[in-house]
Each structure stands twice: as structure tokens, then as C-alpha cells.
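Take a look at the structure below.
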Amino acid sequence: MLSSEKKTTWVIGAKSSYFDLNLKELLSYYHLLFRLVKKEFLINYQQTLLGPLWVLFQPVLTTVTYVFVFNKVIGVSIGGNLPPVLFYFSGIVLWNFFNESFSATAKTFRENIHIFSKVYFPRLIVPLAAIITQFLRFLIQVALLILLLSYFAIFGGFKIHLGWHLLAVPFVVLIVGLLSLSIGLFFSIVTAKYRDLSNFVDIFLRVLMFVTPVIYPLSTVKESIRWIVQLNPLAPLFELFRLGMLGEGTVSLFQIAYSVVFMCCSLTFTVLLFNKQGGKLIDVI
């Protein structure tokens with residue numbers, strides 16, 4: 001008796017296309033995505049004394065430094081009546097999410113070439129895992145921010161603002177995450193092909209931080225040069241984040257639309273470029 005068996009034919013080729021993104025295939029690797037997230041999140045805290053609490057050490061230490069240097073010594077105005085600790089910590093938390101997500105994504109090819117060259121799976125899985133890992137770390141830091149908000153509300157007389165702006169916080173986090181993904185994918189391609197440009201990544205992040213309202217509010221920037229900061233798509237997102245969490249921030253609907261459009265265009269471009277160059281870079285590295 002003959003049994004009919006369904007045969008599967010695998011075709012391995014070197015062709016690549018800009019429109020080579022298969023969302024169905026990408027979703028089918030969800031188990032690998034979760035495994036990578038678990039590995040990346042836990043590997044940094046194995047055999048440590050405080051475990052995930054180390055996630056809080058850097059933002060707390062940075063906040064103390066910023067409060068002392070920029071607020072006490074230099075006297076940088078933060079505007080409004082916000083406690084300096086809340087102002088700086090909120091900016092540091094969101095910046096850490098962008099900074100770490102971008103840095104991890106920018107190293108996609110350089111740190112995973114040994115895997116890419118041996119096993120096939122959608123390459124986007126790796127940067128997506130990096131973004132989700134940093135998002136989990138971001139949640140831990142936001143939990144501390146909420147505790148600080150509660151402390152200043154109870155003992156410092158700070159009034160917590162529960163308005164519609166609070167609903168914008170998840171939206172801000174999503175856009176910031178997608179921006180870090182899009183820009184990080186671009187640098188992952190460029191630095192894989194030209195390794196010396198990896199030094200430019202650190203310089204880019206340092207410059208970007210100073211044109212992002214992390215250590216100062218947008219309202220304190222002179223009108224004559226404010227447009228420079230407003231060209232940065234992260235600027236309105238940081239202002240909207242503080243507006244939602246702390247009740248103070250300078251942002252307009254036009255600026256938010258600009259950030260969203262910039263994110264959509266850059267993400268589309270970099271994903272298409274990633275699809276086209278992903279297979280070729282394995283032979284280059």
C-alpha cells in the first residue's frame with residue numbers, strides 16, 4: 001500500500017530583496033525570541049549578589065551626580081516646581097531605554113555573526129530580543145520612579161497629576177523603542193561593513209544626549225537655538241514623557257506628529273535595507 005507523503009523542498013540561495021520580510025515566518029519564531037530575551041536578561045545577573053537590582057544602580061548614581069553637578073554646582077534651571085530628583089531621574093530612565101536599546105541593536109551583526117553563519121532564522125529576531133530585554137529593564141526603573149513619585153507626594157508636597165497625558169506614556173515608550181530599533185539597525189549594517197565607524201556610535205550617542213531634553217527642559221532653551229533641539233525626534237517624546245509622569249512638559253501636537261513620521265520613515269527604510277544587506281554582510285564580516 002502506497003502512502004502519500006508530503007515532501008518539503010528547501011532552496012538555499014544568495015539572493016536577497018528589500019521586500020524580503022515575511023511577518024508570518026517572523027512570528028513563527030516567537031519561541032526563539034522568548035529564549036533570547038530570557039538569556040539576555042538573566043545572563044547579566046547570574047552569580048550576582050543583588051541580581052536585577054543592579055538595573056537600578058546606574059540610574060540612581062547618575063541622578064545623584066546630575067542633581068549635585070547640574071542643579072547644585074552649576075545651577076541649571078529645570079523650570080517649574082519639579083523636585084530635581086524626579087526631573088533628572090525621569091529623563092535618565094527614558095534615555096537609558098533608548099541608549100541601551102540602540103547600542104544593543106547596533107551590535108547585531110558584530111556580536112552574532114557566529115550564529116548567523118551557522119543557523120538560519122529571521123535576523124530581525126535578534127534586535128527585537130534586544131529591545132524587549134531593555135524594555136524589561138526599563139519597567140524595573142519605572143517602578144522606582146513611581147516609588148519616588150509616591151515619596152515626594154507624601155512627604156514633599158508634590159502633587160501627582162492624573163490626567164489624559166498619563167495615557168501618552170505607553171505611546172512614548174513604543175515610539176522611543178521603535179526609534180532605537182530603526183537607528184540601531186542602520187548602524188548595525190554600517191558598522192558591520194566599515195568597522196572603524198563603530199567608534200562614531202559612541203560619539204553619536206553623546207552628542208544626541210545633549211540635544212535631547214534629558215538634563216534640561218525644552219522651555220529653558222533659548223528661542224534662537226530651540227529649533228536645533230526640536231529637529232531631534234526624541235525631544236518631544238521626552239517632554240511628553242515628563243508631562244505624563246510629572247505633569248510638566250513643553251510639547252505640541254505638531255512635534256509629536258513629526259516624531260511619529262520620522263520613526264515610520266526611518267523604520268521602513270532601515271528594515272528594507274536590513275533585508276537587502278543582511279545576507280551579504282555575513283560574507284563581509
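Each chain of the C-alpha cells is named A, B, ... in the order shown, its residues numbered from 1; ligands are numbered from 1 in display order.
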Residues of range 136-225 of chain A at most 9 Å from range 253-264 of chain A: nearest atom pair and distance in Å, only C-alpha atoms, as a tab-separated table:
```
residue	atom	partner	partner_atom	distance
A:Ile175	CA	A:Val260	CA	7.0
A:Val176	CA	A:Met263	CA	8.6
A:Leu178	CA	A:Met263	CA	6.9
A:Leu179	CA	A:Met263	CA	5.5
A:Ser182	CA	A:Met263	CA	7.4
```
Write down as a JSON list (two decimals) with N, CA, C and O atoms, in the first residue's frame the residues of range 178-236 of chain A whose backbone DSSP state falls under helix (DSSP H, G or I).
```json
[["chain", "number", "residue", "atom", "x", "y", "z"],
["A", 178, "LEU", "N", 10.89, 51.99, 19.00],
["A", 178, "LEU", "CA", 10.97, 51.80, 17.55],
["A", 178, "LEU", "C", 12.03, 52.71, 16.92],
["A", 178, "LEU", "O", 12.68, 52.33, 15.94],
["A", 179, "LEU", "N", 12.22, 53.90, 17.49],
["A", 179, "LEU", "CA", 13.29, 54.78, 17.01],
["A", 179, "LEU", "C", 14.66, 54.16, 17.27],
["A", 179, "LEU", "O", 15.54, 54.19, 16.41],
["A", 180, "SER", "N", 14.84, 53.60, 18.46],
["A", 180, "SER", "CA", 16.11, 52.96, 18.77],
["A", 180, "SER", "C", 16.34, 51.75, 17.87],
["A", 180, "SER", "O", 17.48, 51.48, 17.46],
["A", 181, "LEU", "N", 15.27, 51.04, 17.53],
["A", 181, "LEU", "CA", 15.38, 49.90, 16.62],
["A", 181, "LEU", "C", 15.78, 50.36, 15.22],
["A", 181, "LEU", "O", 16.70, 49.78, 14.61],
["A", 182, "SER", "N", 15.12, 51.38, 14.71],
["A", 182, "SER", "CA", 15.39, 51.83, 13.33],
["A", 182, "SER", "C", 16.80, 52.40, 13.20],
["A", 182, "SER", "O", 17.54, 52.03, 12.27],
["A", 183, "ILE", "N", 17.20, 53.27, 14.11],
["A", 183, "ILE", "CA", 18.54, 53.87, 14.02],
["A", 183, "ILE", "C", 19.60, 52.82, 14.31],
["A", 183, "ILE", "O", 20.66, 52.79, 13.68],
["A", 184, "GLY", "N", 19.31, 51.93, 15.26],
["A", 184, "GLY", "CA", 20.26, 50.87, 15.58],
["A", 184, "GLY", "C", 20.48, 49.91, 14.42],
["A", 184, "GLY", "O", 21.61, 49.46, 14.18],
["A", 185, "LEU", "N", 19.42, 49.57, 13.69],
["A", 185, "LEU", "CA", 19.56, 48.69, 12.52],
["A", 185, "LEU", "C", 20.45, 49.31, 11.46],
["A", 185, "LEU", "O", 21.27, 48.64, 10.84],
["A", 186, "PHE", "N", 20.29, 50.62, 11.27],
["A", 186, "PHE", "CA", 21.13, 51.31, 10.28],
["A", 186, "PHE", "C", 22.60, 51.22, 10.67],
["A", 186, "PHE", "O", 23.46, 50.89, 9.84],
["A", 187, "PHE", "N", 22.90, 51.50, 11.93],
["A", 187, "PHE", "CA", 24.29, 51.46, 12.37],
["A", 187, "PHE", "C", 24.83, 50.03, 12.42],
["A", 187, "PHE", "O", 26.04, 49.82, 12.29],
["A", 188, "SER", "N", 23.96, 49.05, 12.62],
["A", 188, "SER", "CA", 24.43, 47.66, 12.62],
["A", 188, "SER", "C", 24.94, 47.27, 11.23],
["A", 188, "SER", "O", 25.90, 46.51, 11.12],
["A", 189, "ILE", "N", 24.29, 47.78, 10.20],
["A", 189, "ILE", "CA", 24.71, 47.50, 8.82],
["A", 189, "ILE", "C", 26.00, 48.25, 8.48],
["A", 189, "ILE", "O", 26.95, 47.69, 7.94],
["A", 190, "VAL", "N", 26.02, 49.54, 8.85],
["A", 190, "VAL", "CA", 27.18, 50.37, 8.51],
["A", 190, "VAL", "C", 28.43, 49.91, 9.24],
["A", 190, "VAL", "O", 29.51, 49.79, 8.64],
["A", 191, "THR", "N", 28.31, 49.64, 10.55],
["A", 191, "THR", "CA", 29.50, 49.25, 11.32],
["A", 191, "THR", "C", 29.95, 47.83, 11.01],
["A", 191, "THR", "O", 31.12, 47.49, 11.24],
["A", 192, "ALA", "N", 29.06, 47.00, 10.48],
["A", 192, "ALA", "CA", 29.47, 45.66, 10.08],
["A", 192, "ALA", "C", 30.33, 45.72, 8.83],
["A", 192, "ALA", "O", 31.28, 44.93, 8.67],
["A", 193, "LYS", "N", 30.03, 46.65, 7.96],
["A", 193, "LYS", "CA", 30.77, 46.79, 6.70],
["A", 193, "LYS", "C", 32.04, 47.62, 6.88],
["A", 193, "LYS", "O", 33.08, 47.34, 6.28],
["A", 195, "ARG", "N", 34.13, 48.73, 10.02],
["A", 195, "ARG", "CA", 34.27, 48.53, 11.45],
["A", 195, "ARG", "C", 34.74, 49.77, 12.19],
["A", 195, "ARG", "O", 34.40, 49.96, 13.36],
["A", 196, "ASP", "N", 35.54, 50.60, 11.55],
["A", 196, "ASP", "CA", 36.06, 51.77, 12.24],
["A", 196, "ASP", "C", 34.96, 52.77, 12.58],
["A", 196, "ASP", "O", 35.11, 53.59, 13.49],
["A", 197, "LEU", "N", 33.83, 52.68, 11.88],
["A", 197, "LEU", "CA", 32.71, 53.58, 12.18],
["A", 197, "LEU", "C", 32.02, 53.25, 13.49],
["A", 197, "LEU", "O", 31.18, 54.02, 13.96],
["A", 198, "SER", "N", 32.35, 52.10, 14.09],
["A", 198, "SER", "CA", 31.78, 51.76, 15.39],
["A", 198, "SER", "C", 32.20, 52.78, 16.44],
["A", 198, "SER", "O", 31.49, 52.98, 17.44],
["A", 199, "ASN", "N", 33.35, 53.43, 16.24],
["A", 199, "ASN", "CA", 33.78, 54.47, 17.16],
["A", 199, "ASN", "C", 32.87, 55.69, 17.08],
["A", 199, "ASN", "O", 32.74, 56.45, 18.05],
["A", 200, "PHE", "N", 32.25, 55.87, 15.92],
["A", 200, "PHE", "CA", 31.35, 57.01, 15.74],
["A", 200, "PHE", "C", 30.05, 56.83, 16.53],
["A", 200, "PHE", "O", 29.40, 57.82, 16.87],
["A", 201, "VAL", "N", 29.68, 55.59, 16.83],
["A", 201, "VAL", "CA", 28.44, 55.31, 17.54],
["A", 201, "VAL", "C", 28.45, 55.98, 18.92],
["A", 201, "VAL", "O", 27.48, 56.62, 19.33],
["A", 202, "ASP", "N", 29.58, 55.84, 19.64],
["A", 202, "ASP", "CA", 29.68, 56.45, 20.96],
["A", 202, "ASP", "C", 29.60, 57.97, 20.88],
["A", 202, "ASP", "O", 28.95, 58.63, 21.71],
["A", 203, "ILE", "N", 30.26, 58.54, 19.89],
["A", 203, "ILE", "CA", 30.22, 59.99, 19.71],
["A", 203, "ILE", "C", 28.80, 60.44, 19.38],
["A", 203, "ILE", "O", 28.31, 61.45, 19.89],
["A", 204, "PHE", "N", 28.15, 59.68, 18.51],
["A", 204, "PHE", "CA", 26.77, 60.00, 18.12],
["A", 204, "PHE", "C", 25.85, 60.02, 19.33],
["A", 204, "PHE", "O", 25.02, 60.94, 19.49],
["A", 205, "LEU", "N", 25.99, 59.04, 20.22],
["A", 205, "LEU", "CA", 25.13, 58.97, 21.40],
["A", 205, "LEU", "C", 25.38, 60.13, 22.35],
["A", 205, "LEU", "O", 24.44, 60.69, 22.93],
["A", 206, "ARG", "N", 26.64, 60.50, 22.51],
["A", 206, "ARG", "CA", 26.96, 61.61, 23.41],
["A", 206, "ARG", "C", 26.40, 62.93, 22.90],
["A", 206, "ARG", "O", 25.82, 63.71, 23.68],
["A", 207, "VAL", "N", 26.55, 63.17, 21.60],
["A", 207, "VAL", "CA", 26.00, 64.40, 21.02],
["A", 207, "VAL", "C", 24.48, 64.39, 21.09],
["A", 207, "VAL", "O", 23.85, 65.40, 21.43],
["A", 208, "LEU", "N", 23.89, 63.24, 20.78],
["A", 208, "LEU", "CA", 22.43, 63.13, 20.78],
["A", 208, "LEU", "C", 21.85, 63.39, 22.16],
["A", 208, "LEU", "O", 20.79, 64.01, 22.29],
["A", 209, "MET", "N", 22.54, 62.96, 23.20],
["A", 209, "MET", "CA", 22.04, 63.18, 24.56],
["A", 209, "MET", "C", 21.96, 64.66, 24.89],
["A", 209, "MET", "O", 21.01, 65.11, 25.54],
["A", 210, "PHE", "N", 22.95, 65.44, 24.42],
["A", 210, "PHE", "CA", 22.96, 66.86, 24.75],
["A", 210, "PHE", "C", 21.96, 67.66, 23.95],
["A", 210, "PHE", "O", 21.65, 68.81, 24.32],
["A", 218, "LEU", "N", 12.89, 71.65, 27.69],
["A", 218, "LEU", "CA", 12.88, 72.38, 26.43],
["A", 218, "LEU", "C", 12.53, 73.85, 26.63],
["A", 218, "LEU", "O", 13.00, 74.72, 25.89],
["A", 219, "SER", "N", 11.75, 74.14, 27.65],
["A", 219, "SER", "CA", 11.30, 75.52, 27.90],
["A", 219, "SER", "C", 12.44, 76.45, 28.28],
["A", 219, "SER", "O", 12.31, 77.68, 28.15],
["A", 220, "THR", "N", 13.56, 75.92, 28.76],
["A", 220, "THR", "CA", 14.69, 76.76, 29.18],
["A", 220, "THR", "C", 15.68, 77.03, 28.04],
["A", 220, "THR", "O", 16.62, 77.79, 28.22],
["A", 226, "ARG", "N", 16.39, 76.98, 19.82],
["A", 226, "ARG", "CA", 15.49, 75.88, 20.21],
["A", 226, "ARG", "C", 15.18, 74.97, 19.02],
["A", 226, "ARG", "O", 14.94, 73.78, 19.19],
["A", 227, "TRP", "N", 15.21, 75.53, 17.83],
["A", 227, "TRP", "CA", 14.89, 74.74, 16.64],
["A", 227, "TRP", "C", 15.88, 73.59, 16.46],
["A", 227, "TRP", "O", 15.52, 72.55, 15.89],
["A", 228, "ILE", "N", 17.12, 73.77, 16.93],
["A", 228, "ILE", "CA", 18.12, 72.71, 16.82],
["A", 228, "ILE", "C", 17.69, 71.50, 17.64],
["A", 228, "ILE", "O", 17.77, 70.35, 17.17],
["A", 229, "VAL", "N", 17.21, 71.76, 18.84],
["A", 229, "VAL", "CA", 16.75, 70.67, 19.70],
["A", 229, "VAL", "C", 15.48, 70.05, 19.13],
["A", 229, "VAL", "O", 15.29, 68.83, 19.16],
["A", 230, "GLN", "N", 14.61, 70.88, 18.56],
["A", 230, "GLN", "CA", 13.34, 70.39, 18.04],
["A", 230, "GLN", "C", 13.51, 69.55, 16.78],
["A", 230, "GLN", "O", 12.59, 68.83, 16.40],
["A", 234, "LEU", "N", 13.54, 62.80, 19.28],
["A", 234, "LEU", "CA", 13.40, 62.35, 20.66],
["A", 234, "LEU", "C", 12.93, 63.46, 21.59],
["A", 234, "LEU", "O", 12.34, 63.18, 22.64],
["A", 235, "ALA", "N", 13.20, 64.71, 21.23],
["A", 235, "ALA", "CA", 12.92, 65.84, 22.11],
["A", 235, "ALA", "C", 11.45, 65.91, 22.54],
["A", 235, "ALA", "O", 11.16, 65.96, 23.75],
["A", 236, "PRO", "N", 10.48, 65.92, 21.62],
["A", 236, "PRO", "CA", 9.08, 65.98, 22.06],
["A", 236, "PRO", "C", 8.64, 64.75, 22.84],
["A", 236, "PRO", "O", 7.74, 64.83, 23.69]]
```
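Considering the residues A:Phe89, A:Tyr216, A:Phe155, A:Phe98 and counting only C-alpha atoms, Phe57 in chain A has its shortest atom-to-atom contact with A:Phe89.
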Worksheet entry | Closest of A:Leu32, A:Leu27, A:Val60, A:Ala104 to Ile131 in chain A - atom-to-atom distances counting only C-alpha atoms | A:Ala104
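The gap separating CA of Asn99 in chain A from CA of Pro122 in chain A is 24.0 Å, in Å to one decimal.
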Fill in: Contacts of Tyr66 in chain A within 9 Å, only C-alpha atoms, excl. fewer than 4 positions in-chain, as a VMD selection string
chain A and resid 61 to 62 70 to 72 84 to 85 88 215
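Nearest to Val64 in chain A of all the residues A:Ala106, A:Val221, A:Leu82, A:Ile92 is A:Ile92, based on only C-alpha atoms.
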Worksheet entry | Distance query range 241-250 of chain A at most 6 Å, only C-alpha atoms, self and fewer than 6 positions along chain excluded, as a ChimeraX atom specification | /A:161,165-166,169
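Candidate residues A:Pro59, A:Gly156, A:Pro170, A:Gly177 were compared for distance to Phe102 in chain A, and the nearest is A:Gly177, using only C-alpha atoms.
With distances restricted to only C-alpha atoms, A:Asn96 is the closest residue to Gln58 in chain A from A:Asn96, A:Ser103, A:Asn44, A:Ser28.
CA of Ala168 in chain A to CA of Val251 in chain A spans 12.1 Å [interatomic distance, one decimal].
The residue that comes closest to Tyr30 in chain A, out of A:Lys276, A:Cys265, A:Pro213, A:Val126 and on the basis of only C-alpha atoms, is A:Val126.
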